[in-house]
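Visitor: run-v6.pdb is the file, holding PDB, C-alpha atoms:
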```pdb
MODEL        1
ATOM      1  CA  MET G   1       0.000   0.000   0.000
ATOM      2  CA  GLY G   2       0.941   3.603  -0.565
ATOM      3  CA  GLY G   3       4.488   4.461   0.281
ATOM      4  CA  ALA G   4       5.196   1.175   1.934
ATOM      5  CA  GLY G   5       8.692   0.949   0.552
ATOM      6  CA  ALA G   6      10.538  -2.282  -0.066
ATOM      7  CA  ALA G   7       8.009  -4.541   1.610
ATOM      8  CA  ASP G   8       5.323  -3.623  -0.914
ATOM      9  CA  ALA G   9       7.537  -3.217  -3.942
ATOM     10  CA  SER G  10       9.083  -6.672  -3.744
ATOM     11  CA  THR G  11       6.193  -8.698  -2.335
ATOM     12  CA  PRO G  12       4.394 -10.975  -4.848
ATOM     13  CA  ALA G  13       0.601 -10.818  -5.013
ATOM     14  CA  ALA G  14       0.305 -14.432  -3.791
ATOM     15  CA  VAL G  15       2.209 -13.556  -0.619
ATOM     16  CA  LYS G  16       0.015 -10.498  -0.047
ATOM     17  CA  VAL G  17      -3.111 -12.671  -0.431
ATOM     18  CA  PHE G  18      -1.817 -15.217   2.080
ATOM     19  CA  ALA G  19      -0.580 -12.520   4.494
ATOM     20  CA  ALA G  20      -3.919 -10.674   4.324
ATOM     21  CA  GLY G  21      -5.938 -13.838   5.023
ATOM     22  CA  THR G  22      -3.691 -14.798   7.932
ATOM     23  CA  ALA G  23      -3.713 -11.267   9.380
ATOM     24  CA  GLY G  24      -7.501 -11.203   9.049
ATOM     25  CA  CYS G  25      -7.756 -14.426  11.071
ATOM     26  CA  VAL G  26      -5.488 -13.013  13.794
ATOM     27  CA  ALA G  27      -7.628  -9.869  13.998
ATOM     28  CA  GLU G  28     -10.817 -11.981  14.042
ATOM     29  CA  LEU G  29      -9.580 -14.021  17.011
ATOM     30  CA  VAL G  30      -8.740 -10.879  18.987
ATOM     31  CA  THR G  31     -11.908  -8.881  18.270
ATOM     32  CA  PHE G  32     -14.639 -11.526  17.843
ATOM     33  CA  PRO G  33     -16.428 -10.856  21.198
ATOM     34  CA  LEU G  34     -16.852  -7.207  20.177
ATOM     35  CA  ASP G  35     -18.330  -8.320  16.854
ATOM     36  CA  THR G  36     -20.799 -10.605  18.643
ATOM     37  CA  ALA G  37     -21.844  -7.717  20.908
ATOM     38  CA  LYS G  38     -22.310  -5.523  17.834
ATOM     39  CA  VAL G  39     -24.566  -8.094  16.135
ATOM     40  CA  ARG G  40     -26.736  -8.550  19.268
ATOM     41  CA  LEU G  41     -27.197  -4.788  19.623
ATOM     42  CA  GLN G  42     -28.011  -4.394  15.917
ATOM     43  CA  ILE G  43     -30.807  -6.995  15.954
ATOM     44  CA  GLN G  44     -32.247  -5.936  19.328
ATOM     45  CA  GLY G  45     -35.807  -4.719  18.827
ATOM     46  CA  GLU G  46     -36.175  -6.594  15.549
ATOM     47  CA  SER G  47     -38.097  -9.540  17.025
ATOM     48  CA  LYS G  48     -38.909 -11.287  20.301
ATOM     49  CA  PRO G  49     -38.572 -15.033  19.665
ATOM     50  CA  SER G  50     -39.345 -16.141  23.211
ATOM     51  CA  LEU G  51     -40.281 -14.827  26.651
ATOM     52  CA  GLU G  52     -36.840 -15.767  27.959
ATOM     53  CA  ALA G  53     -35.084 -13.924  25.161
ATOM     54  CA  GLN G  54     -37.446 -10.974  25.604
ATOM     55  CA  ARG G  55     -36.211 -10.472  29.178
ATOM     56  CA  ILE G  56     -32.649 -10.013  27.945
ATOM     57  CA  LYS G  57     -31.794  -6.392  27.263
ATOM     58  CA  TYR G  58     -28.444  -5.339  25.906
ATOM     59  CA  ARG G  59     -27.097  -1.976  27.006
ATOM     60  CA  GLY G  60     -23.754  -0.776  25.746
ATOM     61  CA  VAL G  61     -20.752  -2.724  24.562
ATOM     62  CA  PHE G  62     -19.415  -4.127  27.776
ATOM     63  CA  GLY G  63     -22.908  -4.458  29.247
ATOM     64  CA  THR G  64     -23.838  -6.639  26.269
ATOM     65  CA  ILE G  65     -20.718  -8.783  26.704
ATOM     66  CA  PHE G  66     -21.437  -9.159  30.430
ATOM     67  CA  THR G  67     -25.089 -10.098  29.758
ATOM     68  CA  ILE G  68     -24.097 -12.715  27.180
ATOM     69  CA  VAL G  69     -21.519 -14.268  29.518
ATOM     70  CA  LYS G  70     -23.947 -14.260  32.449
ATOM     71  CA  ALA G  71     -26.929 -15.674  30.559
ATOM     72  CA  GLU G  72     -25.249 -18.001  28.068
ATOM     73  CA  GLY G  73     -21.689 -18.566  29.227
ATOM     74  CA  PRO G  74     -18.404 -17.107  27.920
ATOM     75  CA  GLY G  75     -18.298 -19.536  24.992
ATOM     76  CA  SER G  76     -21.272 -17.740  23.407
ATOM     77  CA  LEU G  77     -19.062 -14.737  22.709
ATOM     78  CA  TYR G  78     -17.285 -16.927  20.171
ATOM     79  CA  ASN G  79     -20.376 -18.426  18.504
ATOM     80  CA  GLY G  80     -19.637 -18.472  14.785
ATOM     81  CA  LEU G  81     -15.863 -18.139  15.177
ATOM     82  CA  VAL G  82     -15.136 -21.021  12.795
ATOM     83  CA  ALA G  83     -17.297 -19.410  10.101
ATOM     84  CA  GLY G  84     -15.594 -16.095  10.915
ATOM     85  CA  LEU G  85     -12.180 -17.635  10.252
ATOM     86  CA  HIS G  86     -13.487 -19.227   7.054
ATOM     87  CA  ARG G  87     -14.724 -15.776   6.062
ATOM     88  CA  GLN G  88     -11.403 -14.041   6.681
ATOM     89  CA  MET G  89      -9.384 -16.577   4.708
ATOM     90  CA  GLY G  90     -11.667 -16.030   1.725
ATOM     91  CA  PHE G  91     -12.599 -12.416   2.359
ATOM     92  CA  ALA G  92      -9.604 -10.515   3.748
ATOM     93  CA  SER G  93      -7.238 -12.382   1.445
ATOM     94  CA  VAL G  94      -9.113 -11.085  -1.624
ATOM     95  CA  ARG G  95     -10.190  -7.580  -0.631
ATOM     96  CA  ILE G  96      -6.899  -6.615   1.056
ATOM     97  CA  GLY G  97      -4.399  -8.940  -0.604
ATOM     98  CA  LEU G  98      -5.440  -7.978  -4.154
ATOM     99  CA  TYR G  99      -5.903  -4.246  -3.481
ATOM    100  CA  ASP G 100      -2.428  -3.240  -4.696
ATOM    101  CA  THR G 101      -2.794  -5.472  -7.765
ATOM    102  CA  MET G 102      -6.120  -3.881  -8.707
ATOM    103  CA  LYS G 103      -4.718  -0.415  -8.035
ATOM    104  CA  GLN G 104      -1.919  -1.069 -10.527
ATOM    105  CA  PHE G 105      -4.446  -2.499 -12.984
ATOM    106  CA  TYR G 106      -6.452   0.752 -12.954
ATOM    107  CA  THR G 107      -3.274   2.862 -13.352
ATOM    108  CA  ASN G 108      -1.741   0.649 -16.076
ATOM    109  CA  GLY G 109       1.105  -0.407 -13.802
ATOM    110  CA  SER G 110       1.930   3.037 -12.391
ATOM    111  CA  ASP G 111       2.882   3.369  -8.725
ATOM    112  CA  ASN G 112       1.334   6.856  -8.548
ATOM    113  CA  ALA G 113      -2.348   6.053  -8.031
ATOM    114  CA  GLY G 114      -4.853   8.868  -7.708
ATOM    115  CA  ILE G 115      -7.907   8.838  -5.458
ATOM    116  CA  GLY G 116     -10.113   7.591  -8.311
ATOM    117  CA  ALA G 117      -7.946   4.529  -8.969
ATOM    118  CA  ARG G 118      -7.812   3.756  -5.246
ATOM    119  CA  LEU G 119     -11.581   3.977  -4.910
ATOM    120  CA  LEU G 120     -12.080   1.748  -7.951
ATOM    121  CA  ALA G 121      -9.594  -0.786  -6.581
ATOM    122  CA  GLY G 122     -11.354  -0.777  -3.202
ATOM    123  CA  CYS G 123     -14.797  -1.263  -4.768
ATOM    124  CA  SER G 124     -13.548  -4.037  -7.044
ATOM    125  CA  THR G 125     -11.800  -6.144  -4.408
ATOM    126  CA  GLY G 126     -14.670  -5.599  -1.954
ATOM    127  CA  ALA G 127     -17.199  -6.948  -4.466
ATOM    128  CA  MET G 128     -14.906  -9.833  -5.434
ATOM    129  CA  ALA G 129     -14.478 -10.800  -1.786
ATOM    130  CA  VAL G 130     -18.240 -10.983  -1.218
ATOM    131  CA  ALA G 131     -18.575 -13.290  -4.224
ATOM    132  CA  VAL G 132     -16.121 -15.655  -2.519
ATOM    133  CA  ALA G 133     -17.118 -15.408   1.144
ATOM    134  CA  GLN G 134     -20.856 -14.567   1.338
ATOM    135  CA  PRO G 135     -22.015 -17.999   2.698
ATOM    136  CA  THR G 136     -19.474 -17.792   5.536
ATOM    137  CA  ASP G 137     -20.809 -14.345   6.492
ATOM    138  CA  VAL G 138     -24.408 -15.610   6.633
ATOM    139  CA  VAL G 139     -23.437 -18.550   8.876
ATOM    140  CA  LYS G 140     -21.289 -16.363  11.149
ATOM    141  CA  ILE G 141     -24.109 -13.885  11.752
ATOM    142  CA  ARG G 142     -26.667 -16.674  12.369
ATOM    143  CA  PHE G 143     -24.437 -18.119  15.094
ATOM    144  CA  GLN G 144     -23.700 -14.737  16.668
ATOM    145  CA  ALA G 145     -27.371 -13.728  16.695
ATOM    146  CA  GLN G 146     -28.784 -16.860  18.329
ATOM    147  CA  VAL G 147     -29.568 -16.632  22.042
ATOM    148  CA  CYS G 148     -28.873 -19.938  23.807
ATOM    149  CA  LEU G 149     -30.224 -20.086  27.367
ATOM    150  CA  PRO G 150     -29.253 -23.390  29.048
ATOM    151  CA  ALA G 151     -31.590 -22.819  31.996
ATOM    152  CA  SER G 152     -34.650 -22.561  29.764
ATOM    153  CA  GLY G 153     -33.668 -25.462  27.540
ATOM    154  CA  THR G 154     -33.267 -23.237  24.477
ATOM    155  CA  VAL G 155     -31.467 -25.129  21.740
ATOM    156  CA  SER G 156     -29.172 -23.808  19.046
ATOM    157  CA  ARG G 157     -30.428 -23.385  15.497
ATOM    158  CA  TYR G 158     -27.399 -25.334  14.265
ATOM    159  CA  SER G 159     -25.199 -27.939  15.945
ATOM    160  CA  ASN G 160     -21.973 -26.755  14.291
ATOM    161  CA  THR G 161     -20.656 -24.652  11.425
ATOM    162  CA  PHE G 162     -20.872 -27.302   8.726
ATOM    163  CA  ASP G 163     -24.365 -28.272   9.913
ATOM    164  CA  ALA G 164     -25.332 -24.614   9.442
ATOM    165  CA  TYR G 165     -24.118 -24.576   5.826
ATOM    166  CA  LYS G 166     -26.002 -27.821   5.143
ATOM    167  CA  THR G 167     -29.199 -26.825   6.971
ATOM    168  CA  ILE G 168     -29.456 -23.391   5.354
ATOM    169  CA  ALA G 169     -28.918 -24.887   1.887
ATOM    170  CA  ARG G 170     -31.523 -27.600   2.581
ATOM    171  CA  ASP G 171     -34.215 -25.411   4.202
ATOM    172  CA  GLU G 172     -33.742 -22.166   2.294
ATOM    173  CA  GLY G 173     -32.042 -23.355  -0.872
ATOM    174  CA  VAL G 174     -28.630 -22.301  -2.112
ATOM    175  CA  ARG G 175     -30.012 -18.742  -2.274
ATOM    176  CA  GLY G 176     -30.249 -18.840   1.527
ATOM    177  CA  LEU G 177     -26.463 -18.946   1.734
ATOM    178  CA  TRP G 178     -26.339 -15.847  -0.438
ATOM    179  CA  LYS G 179     -29.026 -13.948   1.486
ATOM    180  CA  GLY G 180     -28.238 -10.236   1.622
ATOM    181  CA  CYS G 181     -25.584 -10.582  -1.064
ATOM    182  CA  LEU G 182     -26.386  -7.301  -2.843
ATOM    183  CA  THR G 183     -26.529  -5.453   0.478
ATOM    184  CA  ASN G 184     -23.222  -7.016   1.455
ATOM    185  CA  ILE G 185     -21.624  -6.033  -1.857
ATOM    186  CA  THR G 186     -22.748  -2.447  -1.238
ATOM    187  CA  ARG G 187     -21.488  -2.559   2.328
ATOM    188  CA  ASN G 188     -18.119  -4.024   1.446
ATOM    189  CA  ALA G 189     -17.547  -1.709  -1.485
ATOM    190  CA  ILE G 190     -18.040   1.156   1.006
ATOM    191  CA  VAL G 191     -15.945  -0.587   3.678
ATOM    192  CA  ASN G 192     -13.077  -1.181   1.281
ATOM    193  CA  CYS G 193     -13.151   2.333  -0.095
ATOM    194  CA  CYS G 194     -13.139   3.847   3.398
ATOM    195  CA  GLU G 195     -10.840   1.332   5.073
ATOM    196  CA  LEU G 196      -8.133   0.681   2.485
ATOM    197  CA  VAL G 197      -8.098   4.110   0.862
ATOM    198  CA  THR G 198      -7.992   5.873   4.263
ATOM    199  CA  TYR G 199      -5.192   3.582   5.444
ATOM    200  CA  ASP G 200      -3.360   4.044   2.142
ATOM    201  CA  ILE G 201      -3.565   7.853   2.173
ATOM    202  CA  ILE G 202      -2.777   8.356   5.871
ATOM    203  CA  LYS G 203       0.172   5.982   5.714
ATOM    204  CA  GLU G 204       1.430   7.817   2.628
ATOM    205  CA  LEU G 205       1.129  11.207   4.367
ATOM    206  CA  ILE G 206       2.934   9.916   7.470
ATOM    207  CA  LEU G 207       5.809   8.727   5.284
ATOM    208  CA  LYS G 208       5.819  11.898   3.185
ATOM    209  CA  TYR G 209       6.260  14.156   6.210
ATOM    210  CA  ASN G 210       8.380  11.696   8.245
ATOM    211  CA  LEU G 211       5.937  11.816  11.176
ATOM    212  CA  MET G 212       6.225   8.217  12.365
ATOM    213  CA  THR G 213       8.995   6.609  10.384
ATOM    214  CA  ASP G 214      12.044   4.524  11.073
ATOM    215  CA  LEU G 215      14.718   7.256  11.190
ATOM    216  CA  LEU G 216      17.482   4.823  10.294
ATOM    217  CA  PHE G 217      15.849   3.435   7.157
ATOM    218  CA  ALA G 218      13.229   6.166   6.471
ATOM    219  CA  THR G 219      10.477   3.553   6.195
ATOM    220  CA  ASP G 220       7.128   2.937   7.876
ATOM    221  CA  ASN G 221       7.033   1.299  11.302
ATOM    222  CA  VAL G 222       4.582  -0.031  13.909
ATOM    223  CA  PRO G 223       3.369   3.410  15.174
ATOM    224  CA  CYS G 224       2.664   4.369  11.554
ATOM    225  CA  HIS G 225       0.637   1.180  10.977
ATOM    226  CA  PHE G 226      -1.197   1.644  14.302
ATOM    227  CA  THR G 227      -2.235   5.247  13.554
ATOM    228  CA  ALA G 228      -3.285   4.576   9.961
ATOM    229  CA  GLY G 229      -5.218   1.449  11.021
ATOM    230  CA  PHE G 230      -7.081   3.284  13.792
ATOM    231  CA  ALA G 231      -8.042   6.163  11.473
ATOM    232  CA  ALA G 232      -9.233   3.699   8.839
ATOM    233  CA  GLY G 233     -11.434   1.921  11.410
ATOM    234  CA  PHE G 234     -13.056   5.145  12.636
ATOM    235  CA  CYS G 235     -13.813   6.555   9.162
ATOM    236  CA  THR G 236     -15.211   3.220   8.013
ATOM    237  CA  THR G 237     -17.533   2.834  11.015
ATOM    238  CA  VAL G 238     -19.045   6.304  10.586
ATOM    239  CA  VAL G 239     -19.839   5.738   6.909
ATOM    240  CA  VAL G 240     -20.826   2.066   6.866
ATOM    241  CA  SER G 241     -22.847   1.607  10.065
ATOM    242  CA  PRO G 242     -26.360   2.080   8.521
ATOM    243  CA  VAL G 243     -25.625  -0.412   5.725
ATOM    244  CA  ASP G 244     -24.083  -2.824   8.227
ATOM    245  CA  VAL G 245     -27.220  -2.867  10.407
ATOM    246  CA  VAL G 246     -29.450  -3.556   7.398
ATOM    247  CA  LYS G 247     -27.096  -6.311   6.217
ATOM    248  CA  THR G 248     -27.082  -7.960   9.652
ATOM    249  CA  ARG G 249     -30.874  -7.951   9.912
ATOM    250  CA  ILE G 250     -31.388  -9.391   6.431
ATOM    251  CA  MET G 251     -28.876 -12.188   6.991
ATOM    252  CA  ASN G 252     -30.407 -13.091  10.347
ATOM    253  CA  SER G 253     -34.036 -12.915   9.137
ATOM    254  CA  THR G 254     -36.389 -15.812   8.488
ATOM    255  CA  PRO G 255     -37.436 -16.422   4.846
ATOM    256  CA  GLY G 256     -39.915 -13.817   3.593
ATOM    257  CA  LYS G 257     -39.476 -11.341   6.443
ATOM    258  CA  TYR G 258     -37.951  -8.692   4.193
ATOM    259  CA  SER G 259     -38.364  -8.423   0.437
ATOM    260  CA  GLY G 260     -34.999  -6.723   0.101
ATOM    261  CA  ALA G 261     -32.567  -4.196   1.563
ATOM    262  CA  LEU G 262     -34.829  -1.213   0.856
ATOM    263  CA  ASN G 263     -37.816  -2.926   2.508
ATOM    264  CA  CYS G 264     -35.677  -3.747   5.546
ATOM    265  CA  ALA G 265     -34.445  -0.154   5.799
ATOM    266  CA  ILE G 266     -37.981   1.272   5.498
ATOM    267  CA  THR G 267     -39.279  -1.187   8.128
ATOM    268  CA  MET G 268     -36.501  -0.148  10.515
ATOM    269  CA  LEU G 269     -37.158   3.538   9.889
ATOM    270  CA  THR G 270     -40.937   3.333  10.453
ATOM    271  CA  LYS G 271     -40.841   1.004  13.471
ATOM    272  CA  GLU G 272     -37.669   2.081  15.276
ATOM    273  CA  GLY G 273     -36.662   5.475  13.917
ATOM    274  CA  THR G 274     -33.389   6.753  12.445
ATOM    275  CA  THR G 275     -31.347   5.751  15.499
ATOM    276  CA  ALA G 276     -31.904   2.095  14.557
ATOM    277  CA  PHE G 277     -29.372   2.540  11.748
ATOM    278  CA  TYR G 278     -26.667   3.273  14.301
ATOM    279  CA  LYS G 279     -27.497   0.500  16.749
ATOM    280  CA  GLY G 280     -24.298  -1.110  17.939
ATOM    281  CA  PHE G 281     -22.202   1.850  16.744
ATOM    282  CA  LEU G 282     -19.787   1.834  19.688
ATOM    283  CA  PRO G 283     -19.004  -1.894  19.524
ATOM    284  CA  ALA G 284     -18.809  -1.571  15.745
ATOM    285  CA  PHE G 285     -16.225   1.210  16.170
ATOM    286  CA  LEU G 286     -14.323  -0.618  18.890
ATOM    287  CA  ARG G 287     -14.366  -3.740  16.763
ATOM    288  CA  LEU G 288     -13.436  -2.101  13.446
ATOM    289  CA  GLY G 289     -10.844   0.150  15.070
ATOM    290  CA  SER G 290      -9.158  -2.688  16.933
ATOM    291  CA  TRP G 291      -9.634  -5.086  13.992
ATOM    292  CA  ASN G 292      -7.937  -2.666  11.612
ATOM    293  CA  ILE G 293      -5.072  -2.047  14.012
ATOM    294  CA  VAL G 294      -4.413  -5.755  14.602
ATOM    295  CA  MET G 295      -4.965  -6.727  10.971
ATOM    296  CA  PHE G 296      -2.823  -4.028   9.349
ATOM    297  CA  MET G 297      -0.011  -4.410  11.886
ATOM    298  CA  SER G 298      -0.023  -8.197  11.349
ATOM    299  CA  TYR G 299      -0.278  -7.790   7.577
ATOM    300  CA  GLU G 300       2.659  -5.395   7.379
ATOM    301  CA  GLN G 301       4.825  -7.575   9.629
ATOM    302  CA  LEU G 302       4.030 -10.710   7.614
ATOM    303  CA  LYS G 303       5.041  -8.924   4.407
ATOM    304  CA  ARG G 304       8.258  -7.746   6.028
ATOM    305  CA  ALA G 305       8.974 -11.272   7.276
ATOM    306  CA  PHE G 306       8.717 -12.500   3.692
ATOM    307  CA  VAL G 307      11.102  -9.778   2.472
ATOM    308  CA  ARG G 308      13.610 -10.699   5.201
ATOM    309  CA  PHE G 309      13.282 -14.391   4.327
ATOM    310  CA  GLN G 310      13.767 -13.643   0.633
ATOM    311  CA  GLN G 311      16.824 -11.476   1.342
ATOM    312  CA  SER G 312      18.417 -14.093   3.616
ATOM    313  CA  ARG G 313      17.775 -16.805   1.005
ATOM    314  CA  ASP G 314      19.272 -14.672  -1.775
ATOM    315  CA  SER G 315      22.347 -13.863   0.328
ATOM    316  CA  ALA G 316      22.826 -17.563   1.106
ATOM    317  CA  LEU G 317      22.870 -18.278  -2.620
TER     318      LEU G 317
ENDMDL
END
```
In structure tokens, how does this file's structure come out?

Guide:
Amino acid sequence: MGGAGAADASTPAAVKVFAAGTAGCVAELVTFPLDTAKVRLQIQGESKPSLEAQRIKYRGVFGTIFTIVKAEGPGSLYNGLVAGLHRQMGFASVRIGLYDTMKQFYTNGSDNAGIGARLLAGCSTGAMAVAVAQPTDVVKIRFQAQVCLPASGTVSRYSNTFDAYKTIARDEGVRGLWKGCLTNITRNAIVNCCELVTYDIIKELILKYNLMTDLLFATDNVPCHFTAGFAAGFCTTVVVSPVDVVKTRIMNSTPGKYSGALNCAITMLTKEGTTAFYKGFLPAFLRLGSWNIVMFMSYEQLKRAFVRFQQSRDSAL
């Protein structure tokens, strides 16, 4: 990404894809409880499936996490983790790992990409990633949204991740695994444009003015990656939150509840008001901010590790 120096210039696309998928999984492991809290807050008020579930009220990020742990056990914070890791290996690897490749494609191989080329690259890899990873996103959200209360004998919708894939395909058809696909493409085009382009530009500015660089080698370092990742997470959350709430509700809905994204948005607006579109904003920000920091720091270090390995191998020869 912009101004990354040797690590970006000499890193093959295949390595970037692998590094992005791995970094995405690391970030997913660290931030998954925050994502679960975000999903529960986003769907609160949508429906009341049982009297037991109706008594559960989520208030705030940490209040939601505490309520989930108290009512369902700490393991419930990681419901859907396997699908989440599946998603990152297919999703982050494409949308982040291929970003530089698509950026060069839109600039005919030039390293000086303008804002238009960056936005196009972000939209393209975001849409491509959804095409690969949509079923994993549906399964992840279904697991995160389900309320399992051992004391009341409430049972899970699915026994495990692979049972979820099979059950959704059997009961709802293959289309069920692609529920909310168009909404998700919209969301992830916006996410990629905000997240990757913001990270790209801020990192480039930091390097240009030598604000947080390695003074010895005049290259980017961990503070640079941290700052750019945090800024990318904040900007993305502000812009994408309304689309994210609609996407979550559609993916978690029973067949026929919403006719589409617009119908879901209108239903939310008429029944719950405009604030419904920013339900779960704080956990979404905490999650996206921390996810971006962990992911980009891991991604950059993995790329650098490859460069060091390549250099040591070349010197040995």

Visitor: State, in Å with one decimal place, the distance from atom CA of G:Met128 to atom CA of G:Ala189.

Guide: 9.4 Å

Visitor: Step by step, work through what the PyMOL selection byres ((chain G and resi 112-124) around 7) selects in the shown file, and finish by giving those residues as a PyMOL selection string.

Guide: chain G and resi 99+102-103+106-107+110-111+125-128+189+192-193+196-197

Visitor: Using all atoms listed in the file, determine which residues lie at most 12 Å from G:Val30, disregarding the query and same-chain residues fewer than 3 positions distant; provide the list as a PyMOL selection string.

Guide: chain G and resi 23-27+33-35+77-78+81+84-85+286-295+298

Visitor: Name all residues at most 12 Å from G:Gly90 (count all atoms listed in the file; drop same-chain ones fewer than 2 positions away) and give them as number ranges by chain.

Guide: G: 17-22, 24-25, 83-88, 92-98, 125-126, 128-137

Visitor: Please measure the separation of atom CA of G:Thr11 and atom CA of G:Phe234, giving the value in Å to one decimal.

Guide: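 Interatomic distance here is 28.0 Å.
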
Visitor: Could you write out as a PDB file with C-alpha atoms, keeping the file's coordinate frame the residues that the PyMOL selection byres ((chain G and resi 303-312) around 7) matches in the shown file?

Guide:
```pdb
ATOM      1  CA  ALA G   7       8.009  -4.541   1.610  1.00  0.00           C
ATOM      2  CA  THR G  11       6.193  -8.698  -2.335  1.00  0.00           C
ATOM      3  CA  LYS G  16       0.015 -10.498  -0.047  1.00  0.00           C
ATOM      4  CA  ALA G  19      -0.580 -12.520   4.494  1.00  0.00           C
ATOM      5  CA  TYR G 299      -0.278  -7.790   7.577  1.00  0.00           C
ATOM      6  CA  GLU G 300       2.659  -5.395   7.379  1.00  0.00           C
ATOM      7  CA  GLN G 301       4.825  -7.575   9.629  1.00  0.00           C
ATOM      8  CA  LEU G 302       4.030 -10.710   7.614  1.00  0.00           C
ATOM      9  CA  ARG G 313      17.775 -16.805   1.005  1.00  0.00           C
ATOM     10  CA  ASP G 314      19.272 -14.672  -1.775  1.00  0.00           C
ATOM     11  CA  SER G 315      22.347 -13.863   0.328  1.00  0.00           C
ATOM     12  CA  ALA G 316      22.826 -17.563   1.106  1.00  0.00           C
TER      13      ALA G 316
END
```

Visitor: Looking at all atoms listed in the file, which of G:Phe277, G:Cys194, G:Gly75, G:Phe296 is the one that sits closest to G:Gly229?

Guide: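 When distances to G:Gly229 are compared using all atoms listed in the file, the smallest one comes from G:Phe296.
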
Visitor: Calculate how many Å separate atom CA of G:Cys224 from atom CA of G:Phe281, rounding to one decimal.

Guide: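 Computing it gives 25.5 Å between the two atoms.
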
Visitor: Please provide the set of residues having any atom within 12 Å of G:Met268, restricted to all atoms listed in the file, with same-chain residues fewer than 4 positions apart removed, written as JSON, numbers by chain.

Guide: {"G": [42, 43, 44, 45, 46, 47, 242, 243, 245, 246, 249, 250, 258, 261, 262, 263, 264, 272, 273, 274, 275, 276, 277, 278, 279]}
